[in-house]
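Asks: Coordinates in work_20.txt, compact mmCIF, C-alpha atoms, are listed below.
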```txt
# COMPACT_ATOMS: atom_id res chain seq x y z
CA MET A 1104 42.14 125.42 -20.79
CA ASN A 1105 41.78 121.89 -19.43
CA VAL A 1106 39.21 119.86 -21.37
CA ALA A 1107 37.81 116.42 -20.57
CA VAL A 1108 36.24 114.36 -23.35
CA LEU A 1109 34.22 111.34 -22.26
CA GLY A 1110 33.75 108.78 -25.02
CA THR A 1111 36.05 107.65 -27.81
CA GLY A 1112 33.66 107.46 -30.74
CA GLY A 1113 33.90 109.71 -33.79
CA THR A 1114 32.46 112.74 -32.00
CA GLY A 1115 34.82 112.37 -29.06
CA ARG A 1116 37.80 112.02 -31.37
CA ASP A 1117 36.80 115.07 -33.44
CA ILE A 1118 36.31 117.28 -30.40
CA ALA A 1119 39.58 116.12 -28.84
CA VAL A 1120 41.47 116.96 -32.04
CA ARG A 1121 39.85 120.40 -32.34
CA CYS A 1122 40.65 121.20 -28.70
CA ALA A 1123 44.25 120.00 -29.03
CA GLN A 1124 44.77 122.06 -32.19
CA ALA A 1125 43.46 125.12 -30.31
CA GLY A 1126 46.10 124.62 -27.61
CA HIS A 1127 43.92 123.10 -24.88
CA ALA A 1128 45.04 120.25 -22.64
CA VAL A 1129 42.84 117.24 -23.41
CA SER A 1130 42.03 114.26 -21.22
CA LEU A 1131 40.21 111.48 -23.08
CA GLN A 1132 38.19 108.93 -21.11
CA ALA A 1133 36.92 105.52 -22.19
CA ASP A 1134 35.75 102.48 -20.25
CA ASP A 1135 38.22 100.21 -22.06
CA ALA A 1136 41.95 100.94 -21.74
CA THR A 1137 42.88 99.53 -25.13
CA GLU A 1138 40.17 101.55 -26.81
CA ALA A 1139 41.36 104.72 -25.07
CA MET A 1140 44.97 104.24 -26.17
CA ASP A 1141 43.96 103.32 -29.70
CA ARG A 1142 41.99 106.54 -29.93
CA VAL A 1143 44.97 108.55 -28.66
CA ASP A 1144 47.04 106.98 -31.45
CA ASP A 1145 44.37 108.07 -33.95
CA ILE A 1146 44.40 111.62 -32.59
CA GLU A 1147 48.19 111.75 -32.71
CA GLY A 1148 48.04 110.72 -36.36
CA LEU A 1149 45.52 113.46 -37.13
CA LEU A 1150 47.67 116.08 -35.38
CA ILE A 1151 50.73 114.96 -37.34
CA ASN A 1152 48.73 115.27 -40.57
CA ALA A 1153 47.60 118.75 -39.50
CA ALA A 1154 51.22 119.81 -39.01
CA GLU A 1155 52.31 118.30 -42.31
CA SER A 1156 49.50 120.11 -44.15
CA GLY A 1157 50.39 123.45 -42.54
CA ARG A 1158 47.27 123.78 -40.37
CA MET A 1159 49.50 123.92 -37.30
CA THR A 1160 53.22 124.23 -36.70
CA ASP A 1161 55.47 121.41 -35.56
CA GLY A 1162 55.83 123.23 -32.25
CA GLU A 1163 52.06 123.43 -31.82
CA LYS A 1164 51.74 119.77 -32.71
CA ASP A 1165 54.39 118.75 -30.17
CA GLU A 1166 52.73 120.90 -27.49
CA ALA A 1167 49.31 119.37 -28.25
CA LEU A 1168 50.71 115.85 -28.09
CA SER A 1169 52.38 116.58 -24.77
CA GLN A 1170 49.04 117.68 -23.29
CA LEU A 1171 47.01 114.74 -24.62
CA GLN A 1172 46.30 111.90 -22.22
CA ALA A 1173 43.90 108.97 -21.91
CA THR A 1174 42.36 107.24 -18.92
CA THR A 1175 39.59 104.84 -17.95
CA ASN A 1176 38.88 106.77 -14.75
CA LEU A 1177 36.15 109.43 -14.96
CA SER A 1178 37.30 111.43 -11.94
CA GLY A 1179 40.86 111.27 -13.24
CA ALA A 1180 39.76 112.66 -16.61
CA THR A 1181 37.56 115.41 -15.19
CA GLY A 1182 39.72 116.52 -12.25
CA GLY A 1183 40.81 120.09 -12.94
CA ALA A 1184 38.75 120.30 -16.14
CA GLU A 1185 37.13 123.63 -16.97
CA ILE A 1186 34.79 122.04 -19.49
CA VAL A 1187 33.64 118.41 -19.71
CA PHE A 1188 32.12 116.91 -22.85
CA ASP A 1189 30.04 113.76 -22.66
CA THR A 1190 29.98 112.41 -26.23
CA ALA A 1191 28.85 108.85 -25.57
CA ILE A 1192 25.46 108.77 -23.87
CA SER A 1193 22.25 109.37 -25.82
CA GLU A 1194 19.68 107.88 -23.43
CA PRO A 1195 18.01 110.57 -21.27
CA ASP A 1196 18.02 108.82 -17.88
CA ALA A 1197 21.58 107.58 -18.32
CA LEU A 1198 22.77 111.05 -19.33
CA GLN A 1199 21.12 112.58 -16.26
CA GLU A 1200 23.06 110.12 -14.12
CA ARG A 1201 26.27 110.89 -16.01
CA PHE A 1202 25.81 114.64 -15.53
CA ALA A 1203 25.38 114.11 -11.78
CA GLU A 1204 28.48 111.90 -11.70
CA ILE A 1205 30.49 114.57 -13.51
CA GLU A 1206 29.25 117.29 -11.16
CA SER A 1207 30.51 115.37 -8.13
CA ALA A 1208 34.02 115.29 -9.64
CA VAL A 1209 34.46 118.87 -10.89
CA GLU A 1210 34.66 122.42 -9.59
CA ARG A 1211 31.58 124.63 -9.31
CA GLU A 1212 32.40 126.71 -12.40
CA THR A 1213 33.09 123.76 -14.72
CA LEU A 1214 30.83 123.62 -17.77
CA ILE A 1215 29.09 120.27 -18.32
CA VAL A 1216 28.28 119.61 -21.97
CA THR A 1217 26.46 116.96 -23.96
CA THR A 1218 27.09 116.58 -27.68
CA GLN A 1219 24.05 114.36 -28.27
CA PRO A 1220 21.42 116.61 -29.91
CA PRO A 1221 18.53 114.10 -29.64
CA VAL A 1222 18.70 114.34 -25.85
CA SER A 1223 17.06 117.19 -23.94
CA VAL A 1224 19.76 119.12 -22.10
CA THR A 1225 17.10 120.41 -19.72
CA ALA A 1226 16.18 116.85 -18.75
CA ALA A 1227 19.82 115.83 -18.36
CA ALA A 1228 20.49 118.84 -16.11
CA ALA A 1229 17.51 118.12 -13.86
CA GLY A 1230 19.61 115.96 -11.56
CA LEU A 1231 22.33 118.58 -11.03
CA ARG A 1232 22.71 120.65 -7.89
CA HIS A 1233 23.73 123.53 -10.17
CA PRO A 1234 21.86 123.09 -13.48
CA ASP A 1235 22.90 126.60 -14.55
CA ARG A 1236 26.19 125.23 -15.95
CA ALA A 1237 24.68 122.56 -18.23
CA ILE A 1238 24.72 123.17 -21.95
CA GLY A 1239 24.65 121.30 -25.26
CA MET A 1240 26.88 121.64 -28.31
CA HIS A 1241 26.19 120.27 -31.77
CA PHE A 1242 29.20 120.43 -34.08
CA VAL A 1243 27.56 120.85 -37.48
CA ASP A 1244 29.30 118.64 -40.06
CA ALA A 1245 32.14 117.56 -37.79
CA PRO A 1246 35.10 117.12 -37.85
CA ASP A 1247 35.61 120.36 -39.78
CA ALA A 1248 32.65 122.16 -38.26
CA THR A 1249 32.67 125.91 -38.83
CA VAL A 1250 29.39 126.30 -36.92
CA VAL A 1251 28.46 124.93 -33.50
CA GLU A 1252 24.87 125.03 -32.29
CA LEU A 1253 24.88 126.06 -28.65
CA ILE A 1254 21.88 124.41 -27.02
CA VAL A 1255 20.72 126.62 -24.17
CA PRO A 1256 18.25 125.23 -21.59
CA ASP A 1257 16.08 127.75 -19.74
CA GLY A 1258 17.99 127.24 -16.49
CA THR A 1259 21.48 127.87 -17.88
CA ASP A 1260 23.28 130.96 -16.63
CA GLU A 1261 24.13 133.72 -19.15
CA GLU A 1262 27.72 133.80 -17.94
CA ALA A 1263 28.04 130.08 -18.66
CA VAL A 1264 26.64 130.59 -22.15
CA GLU A 1265 29.11 133.38 -22.86
CA ARG A 1266 32.01 131.21 -21.68
CA ALA A 1267 30.81 128.43 -23.97
CA GLU A 1268 30.61 130.87 -26.89
CA SER A 1269 34.17 132.04 -26.24
CA PHE A 1270 35.37 128.44 -26.12
CA ILE A 1271 33.72 127.66 -29.48
CA GLU A 1272 35.33 130.72 -31.04
CA GLU A 1273 38.73 129.54 -29.77
CA LEU A 1274 38.13 126.35 -31.75
CA GLY A 1275 37.76 128.46 -34.90
CA ALA A 1276 33.99 127.99 -35.19
CA THR A 1277 30.96 130.27 -34.96
CA PRO A 1278 28.54 129.68 -32.07
CA VAL A 1279 24.81 129.88 -32.80
CA ARG A 1280 22.40 129.86 -29.86
CA VAL A 1281 19.41 127.56 -30.24
CA ARG A 1282 16.59 126.48 -27.94
CA ASP A 1283 16.58 123.06 -26.37
CA THR A 1284 14.02 121.59 -28.78
CA PRO A 1285 13.86 118.38 -30.86
CA GLY A 1286 15.99 118.48 -33.98
CA LEU A 1287 17.59 121.86 -33.28
CA ALA A 1288 17.98 124.29 -36.18
CA SER A 1289 20.48 122.56 -38.47
CA THR A 1290 18.89 119.09 -38.41
CA ARG A 1291 15.35 120.36 -38.95
CA THR A 1292 16.37 122.63 -41.82
CA ARG A 1293 18.52 120.02 -43.54
CA LEU A 1294 15.93 117.28 -43.12
CA ALA A 1295 13.15 119.52 -44.43
CA ILE A 1296 15.12 119.90 -47.67
CA GLU A 1297 15.91 116.19 -47.88
CA VAL A 1298 12.30 115.21 -47.24
CA GLU A 1299 11.02 117.54 -49.96
CA ALA A 1300 13.66 116.21 -52.38
CA MET A 1301 12.41 112.68 -51.68
CA ARG A 1302 8.81 113.76 -52.28
CA VAL A 1303 9.77 115.43 -55.55
CA VAL A 1304 11.21 112.09 -56.71
CA GLU A 1305 8.28 110.15 -55.28
CA GLY A 1306 5.82 112.37 -57.17
CA ASP A 1307 7.72 112.00 -60.47
CA VAL A 1308 8.34 115.74 -60.55
CA ALA A 1309 12.05 115.22 -61.29
CA GLY A 1310 14.59 112.44 -61.22
CA VAL A 1311 17.06 111.73 -58.42
CA ASP A 1312 20.03 113.28 -60.20
CA GLY A 1313 17.88 116.17 -61.42
CA VAL A 1314 16.89 117.18 -57.90
CA ASP A 1315 20.49 117.05 -56.70
CA THR A 1316 21.77 118.95 -59.75
CA VAL A 1317 19.33 121.80 -59.06
CA LEU A 1318 20.68 122.21 -55.52
CA GLU A 1319 24.34 121.64 -56.39
CA GLU A 1320 24.62 123.79 -59.49
CA GLY A 1321 21.74 126.19 -58.92
CA TYR A 1322 22.29 126.94 -55.23
CA ASP A 1323 25.95 126.00 -54.64
CA TYR A 1324 25.25 123.04 -52.36
CA PRO A 1325 28.44 120.99 -51.89
CA GLU A 1326 26.35 117.87 -52.57
CA GLY A 1327 22.70 117.24 -53.27
CA PRO A 1328 20.23 116.31 -50.52
CA LEU A 1329 19.73 112.76 -51.82
CA VAL A 1330 23.47 112.12 -52.04
CA ARG A 1331 23.73 113.42 -48.50
CA ALA A 1332 20.89 111.19 -47.29
CA ASP A 1333 22.55 108.16 -48.84
CA ARG A 1334 25.88 109.00 -47.19
CA VAL A 1335 24.35 109.43 -43.74
CA GLY A 1336 22.28 106.27 -44.11
CA LEU A 1337 18.62 106.05 -45.05
CA ASP A 1338 17.88 103.94 -41.99
CA THR A 1339 19.31 106.70 -39.81
CA ARG A 1340 17.28 109.29 -41.70
CA LEU A 1341 14.10 107.22 -41.26
CA GLU A 1342 14.69 106.86 -37.52
CA THR A 1343 15.31 110.61 -37.10
CA LEU A 1344 12.30 111.62 -39.18
CA THR A 1345 10.02 109.24 -37.28
CA ALA A 1346 11.13 110.78 -33.98
CA LEU A 1347 10.68 114.33 -35.29
CA ALA A 1348 7.25 113.51 -36.72
CA ASP A 1349 6.19 112.24 -33.30
CA ALA A 1350 7.52 115.41 -31.64
CA LEU A 1351 6.73 118.09 -34.21
CA GLY A 1352 3.94 116.80 -36.42
CA PRO A 1353 3.30 115.47 -39.92
CA ARG A 1354 5.61 117.83 -41.80
CA PHE A 1355 8.44 115.42 -40.89
CA GLN A 1356 6.47 112.28 -41.78
CA PRO A 1357 8.90 109.97 -43.63
CA PRO A 1358 8.13 109.74 -47.38
CA ALA A 1359 6.95 106.36 -48.63
CA VAL A 1360 9.95 106.03 -50.96
CA LEU A 1361 12.30 106.29 -47.95
CA GLU A 1362 10.35 103.67 -45.99
CA ARG A 1363 10.36 101.35 -49.02
CA LEU A 1364 14.12 101.63 -49.60
CA VAL A 1365 14.89 100.92 -45.93
CA GLU A 1366 12.49 97.97 -45.89
CA GLU A 1367 14.32 96.57 -48.92
CA GLY A 1368 17.68 96.99 -47.20
CA LYS A 1369 18.79 99.71 -49.62
CA THR A 1370 20.05 102.05 -46.95
CA GLY A 1371 22.58 104.08 -48.92
CA ALA A 1372 26.31 104.35 -49.52
CA SER A 1373 27.33 101.84 -46.85
CA VAL A 1374 25.52 98.99 -48.65
CA GLY A 1375 26.06 100.22 -52.21
CA GLU A 1376 22.50 101.27 -53.00
CA GLY A 1377 19.95 103.80 -51.85
CA PHE A 1378 18.72 106.63 -54.01
CA TYR A 1379 21.94 105.99 -55.98
CA HIS A 1380 24.10 103.05 -56.88
CA TRP A 1381 27.45 103.53 -55.12
CA GLU A 1382 31.00 102.41 -55.93
CA ARG A 1383 34.09 103.28 -53.86
CA ASN A 1384 31.97 105.59 -51.70
CA GLU A 1385 30.87 107.68 -54.69
CA PRO A 1386 27.42 107.81 -56.35
CA VAL A 1387 27.49 106.28 -59.83
CA GLU A 1388 23.93 106.52 -61.13
CA PRO A 1389 20.37 106.87 -59.80
CA ALA A 1390 18.89 103.69 -58.36
CA VAL A 1391 15.32 105.01 -58.00
CA GLU A 1392 13.43 105.36 -61.25
CA THR A 1393 10.85 108.01 -62.07
CA GLU A 1394 8.36 108.11 -64.89
CA ARG A 1395 9.69 109.55 -68.12
CA LEU A 1396 8.99 113.25 -68.15
CA PRO A 1397 6.63 114.49 -70.91
CA THR A 1398 8.09 116.04 -74.05
CA ASP A 1399 6.57 118.21 -76.72
CA GLN A 1400 5.52 116.13 -79.70
CA PRO A 1401 6.07 117.54 -83.22
CA SER A 1402 2.80 118.53 -84.78
CA ASP A 1403 1.45 116.39 -87.62
CA PRO A 1404 1.46 118.56 -90.74
CA THR A 1405 -1.45 116.58 -92.21
CA THR A 1406 -3.69 117.81 -89.40
CA ARG A 1407 -3.00 121.46 -90.03
```
Starting from the file, lay out its structure as structure tokens.
Replies:
Amino acid sequence: MNVAVLGTGGTGRDIAVRCAQAGHAVSLQADDATEAMDRVDDIEGLLINAAESGRMTDGEKDEALSQLQATTNLSGATGGAEIVFDTAISEPDALQERFAEIESAVERETLIVTTQPPVSVTAAAAGLRHPDRAIGMHFVDAPDATVVELIVPDGTDEEAVERAESFIEELGATPVRVRDTPGLASTRTRLAIEVEAMRVVEGDVAGVDGVDTVLEEGYDYPEGPLVRADRVGLDTRLETLTALADALGPRFQPPAVLERLVEEGKTGASVGEGFYHWERNEPVEPAVETERLPTDQPSDPTTR
């Protein structure tokens, strides 16, 4: 299958690599020629590593590299494409314009996809002559996503959805259909856990490391919700929660402890402090204190 990936950020790179590993021809588009070629070099390096680690054969790697190209021209990237990913635009009006621009350059049956979950796919598709081929995909925990949320607007054709599901399965992931709503399923569920973990700390119910230990060791989470929040960036979490609270109500209202940390510039792993102190991209010790938990006091024998 011929795949066009518009945008050379992390999401664009990850999707291009996944498609190349699955045997698809990939055309990568960026506005800047140097940026496009640099990203191709990055993808080539990742494919070489995949072959060296046994995730693909040398023959598959060579075939993928031969079908990988970069361009600054949108029509050149999308010409002949059976599926086009826009990974760069997250502003609704601009994405609607981009969708219309893509439609003018592709065949009728080409799927047009956004990978920006904050943007309504329905709104982006409103400017299309054929909105039934618009869809959204959210690669959960890219680049090694094993699940892809398939965002289905009301106007999308069932045949288009089924083709998108087949494509996701070819990438080695499981498609999950979700409605075109704010936050989708994965973000809302994950954030609900993170928010409650923050409130547990804020209410002195348990310490930072205690909350994470419960989830990691008690429920087999790969990492605790507060470690995860720090890694993503507390400023990013605050921005997302604020938007979800506006759209969905007070259950996503940002906890005061999160607002305080962001106001103080303690936004997580990238700056060395958030809910944890960080060194070499690893949490070292909790940075947010809680009141000492009560302990049973030995009884005074003289009062017996």
Asks: Please list as an mmCIF file with C-alpha atoms, in the frame of the given file every residue within 9 Å of region 1240-1252 of chain A, counting only C-alpha atoms and excluding residues in the same chain fewer than 5 positions away.
Replies:
```
data_model
loop_
_atom_site.group_PDB
_atom_site.id
_atom_site.type_symbol
_atom_site.label_atom_id
_atom_site.label_comp_id
_atom_site.auth_asym_id
_atom_site.auth_seq_id
_atom_site.Cartn_x
_atom_site.Cartn_y
_atom_site.Cartn_z
ATOM 1 C CA GLY A 1113 33.900 109.710 -33.790
ATOM 2 C CA THR A 1114 32.460 112.740 -32.000
ATOM 3 C CA ARG A 1116 37.800 112.020 -31.370
ATOM 4 C CA ASP A 1117 36.800 115.070 -33.440
ATOM 5 C CA ILE A 1118 36.310 117.280 -30.400
ATOM 6 C CA VAL A 1120 41.470 116.960 -32.040
ATOM 7 C CA ARG A 1121 39.850 120.400 -32.340
ATOM 8 C CA PHE A 1188 32.120 116.910 -22.850
ATOM 9 C CA VAL A 1216 28.280 119.610 -21.970
ATOM 10 C CA THR A 1217 26.460 116.960 -23.960
ATOM 11 C CA THR A 1218 27.090 116.580 -27.680
ATOM 12 C CA GLN A 1219 24.050 114.360 -28.270
ATOM 13 C CA PRO A 1220 21.420 116.610 -29.910
ATOM 14 C CA ALA A 1267 30.810 128.430 -23.970
ATOM 15 C CA ILE A 1271 33.720 127.660 -29.480
ATOM 16 C CA LEU A 1274 38.130 126.350 -31.750
ATOM 17 C CA GLY A 1275 37.760 128.460 -34.900
ATOM 18 C CA ALA A 1276 33.990 127.990 -35.190
ATOM 19 C CA THR A 1277 30.960 130.270 -34.960
ATOM 20 C CA PRO A 1278 28.540 129.680 -32.070
ATOM 21 C CA VAL A 1279 24.810 129.880 -32.800
ATOM 22 C CA ARG A 1280 22.400 129.860 -29.860
ATOM 23 C CA VAL A 1281 19.410 127.560 -30.240
ATOM 24 C CA LEU A 1287 17.590 121.860 -33.280
ATOM 25 C CA ALA A 1288 17.980 124.290 -36.180
ATOM 26 C CA SER A 1289 20.480 122.560 -38.470
ATOM 27 C CA THR A 1290 18.890 119.090 -38.410
#
```
Asks: Closest to Val1365 (chain A) among A:Leu1341, A:Val1387, A:Ala1184, A:Met1301, using all atoms listed in the file?
Replies: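 Of the candidates, the smallest distance to Val1365 (chain A) is held by A:Leu1341.
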Asks: Please compute the CA of Phe1378 (chain A)-CA of Val1391 (chain A) distance, one decimal, in Å.
Replies: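 That distance, rounded to one decimal, is 5.5 Å.
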Asks: Select, from A:Met1104, A:Ala1350, A:Leu1168, A:Leu1149, the residue with the minimum atom-to-atom distance to His1127 (chain A), counting all atoms listed in the file.
Replies: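 Looking only at the distances to His1127 (chain A), the closest residue turns out to be A:Met1104.
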Asks: Which distance in Å separates CA of Val1209 (chain A) and CA of Ile1146 (chain A), to one decimal?
Replies: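 Result for CA of Val1209 (chain A) versus CA of Ile1146 (chain A): 24.9 Å, one decimal.
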Asks: For Glu1392 (chain A), which of A:Glu1362, A:Arg1266, A:Ala1309, A:Ala1227 is the closest residue, counting all atoms listed in the file?
Replies: A:Ala1309
Asks: Around (21.3, 121.8, -14.6), as given in the file, which residues come within 10 Å? Count all atoms listed in the file and list them as a ChimeraX atom specification.
Replies: /A:1199,1202-1203,1206,1215,1224-1238,1256-1260
Asks: Could you dump the residues just selected with C-alpha atoms as an mmCIF file, keeping the file's coordinate frame?
Replies:
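Final file, out_15.cif:
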```cif
data_model
loop_
_atom_site.group_PDB
_atom_site.id
_atom_site.type_symbol
_atom_site.label_atom_id
_atom_site.label_comp_id
_atom_site.auth_asym_id
_atom_site.auth_seq_id
_atom_site.Cartn_x
_atom_site.Cartn_y
_atom_site.Cartn_z
ATOM 1 C CA GLN A 1199 21.120 112.580 -16.260
ATOM 2 C CA PHE A 1202 25.810 114.640 -15.530
ATOM 3 C CA ALA A 1203 25.380 114.110 -11.780
ATOM 4 C CA GLU A 1206 29.250 117.290 -11.160
ATOM 5 C CA ILE A 1215 29.090 120.270 -18.320
ATOM 6 C CA VAL A 1224 19.760 119.120 -22.100
ATOM 7 C CA THR A 1225 17.100 120.410 -19.720
ATOM 8 C CA ALA A 1226 16.180 116.850 -18.750
ATOM 9 C CA ALA A 1227 19.820 115.830 -18.360
ATOM 10 C CA ALA A 1228 20.490 118.840 -16.110
ATOM 11 C CA ALA A 1229 17.510 118.120 -13.860
ATOM 12 C CA GLY A 1230 19.610 115.960 -11.560
ATOM 13 C CA LEU A 1231 22.330 118.580 -11.030
ATOM 14 C CA ARG A 1232 22.710 120.650 -7.890
ATOM 15 C CA HIS A 1233 23.730 123.530 -10.170
ATOM 16 C CA PRO A 1234 21.860 123.090 -13.480
ATOM 17 C CA ASP A 1235 22.900 126.600 -14.550
ATOM 18 C CA ARG A 1236 26.190 125.230 -15.950
ATOM 19 C CA ALA A 1237 24.680 122.560 -18.230
ATOM 20 C CA ILE A 1238 24.720 123.170 -21.950
ATOM 21 C CA PRO A 1256 18.250 125.230 -21.590
ATOM 22 C CA ASP A 1257 16.080 127.750 -19.740
ATOM 23 C CA GLY A 1258 17.990 127.240 -16.490
ATOM 24 C CA THR A 1259 21.480 127.870 -17.880
ATOM 25 C CA ASP A 1260 23.280 130.960 -16.630
#
```
Asks: What is the distance, in Å and to one decimal place, between CA of Thr1213 (chain A) and CA of Asn1105 (chain A)?
Replies: 10.1 Å
Asks: Considering all atoms listed in the file, return as a list in words whatever protein or nucleic-acid residues lie within 12 Å of Ala1359 (chain A), sequence-local ones (same chain, fewer than 5 positions apart) excluded.
Replies: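 Within the cut-off, the hits are Val1298, Glu1299, Met1301, Arg1302, Val1303, Val1304, Glu1305, Gly1306, Leu1341, Leu1364, Val1365 and Glu1366 of chain A.
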Asks: Which neighbours of region 1132-1140 of chain A fall inside 6 Å, counting all atoms listed in the file, when residues of the same chain fewer than 6 positions from it are skipped, and could you give them as a ChimeraX atom specification?
Replies: /A:1109-1110,1173-1175
Asks: Could the residues in this selection be written to a file with C-alpha atoms, as a PDB file, in the coordinates of the input?
Replies:
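That gives us again11.pdb:
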```pdb
ATOM      1  CA  LEU A1109      34.220 111.340 -22.260  1.00  0.00           C
ATOM      2  CA  GLY A1110      33.750 108.780 -25.020  1.00  0.00           C
ATOM      3  CA  ALA A1173      43.900 108.970 -21.910  1.00  0.00           C
ATOM      4  CA  THR A1174      42.360 107.240 -18.920  1.00  0.00           C
ATOM      5  CA  THR A1175      39.590 104.840 -17.950  1.00  0.00           C
TER       6      THR A1175
END
```
Asks: Return as CSV the residues of region 1271-1355 of chain A lying at most 12 Å from region 1369-1374 of chain A, together with the closest atom-to-atom pair for each and the distance in Å to one decimal, counting all atoms listed in the file, with rows in chain order and ascending residue number.
Replies:
```
residue,atom,partner,partner_atom,distance
A:Leu1329,CA,A:Gly1371,CA,9.6
A:Val1330,CA,A:Ala1372,CA,8.6
A:Arg1331,CA,A:Gly1371,CA,9.4
A:Ala1332,CA,A:Gly1371,CA,7.5
A:Asp1333,CA,A:Gly1371,CA,4.1
A:Arg1334,CA,A:Ala1372,CA,5.2
A:Val1335,CA,A:Gly1371,CA,7.7
A:Gly1336,CA,A:Gly1371,CA,5.3
A:Leu1337,CA,A:Thr1370,CA,4.7
A:Asp1338,CA,A:Thr1370,CA,5.7
A:Thr1339,CA,A:Thr1370,CA,8.6
A:Arg1340,CA,A:Thr1370,CA,9.4
A:Leu1341,CA,A:Thr1370,CA,9.7
A:Glu1342,CA,A:Thr1370,CA,11.9
```
Asks: Using only C-alpha atoms, collect all residues at a distance of at most 12 Å from (50.8, 113.6, -34.5) as written in the file, then present them as a list in words.
Replies: Val1120, Ala1123, Gln1124, Val1143, Asp1144, Asp1145, Ile1146, Glu1147, Gly1148, Leu1149, Leu1150, Ile1151, Asn1152, Ala1153, Ala1154, Glu1155, Ser1156, Met1159, Thr1160, Asp1161, Gly1162, Glu1163, Lys1164, Asp1165, Glu1166, Ala1167, Leu1168, Ser1169 and Leu1171 of chain A
Asks: Return the single residue from A:Glu1297, A:Asp1189, A:Glu1388, A:Glu1194 that is closest to Leu1177 (chain A), with distances computed using only C-alpha atoms.
Replies: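 Looking only at the distances to Leu1177 (chain A), the closest residue turns out to be A:Asp1189.
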Asks: Which residue out of A:Val1129, A:Val1360, A:Leu1294, A:Val1106 has the minimum interatomic distance to Asp1307 (chain A) when only C-alpha atoms are used?
Replies: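 Selected residue with least distance to Asp1307 (chain A): A:Val1360.
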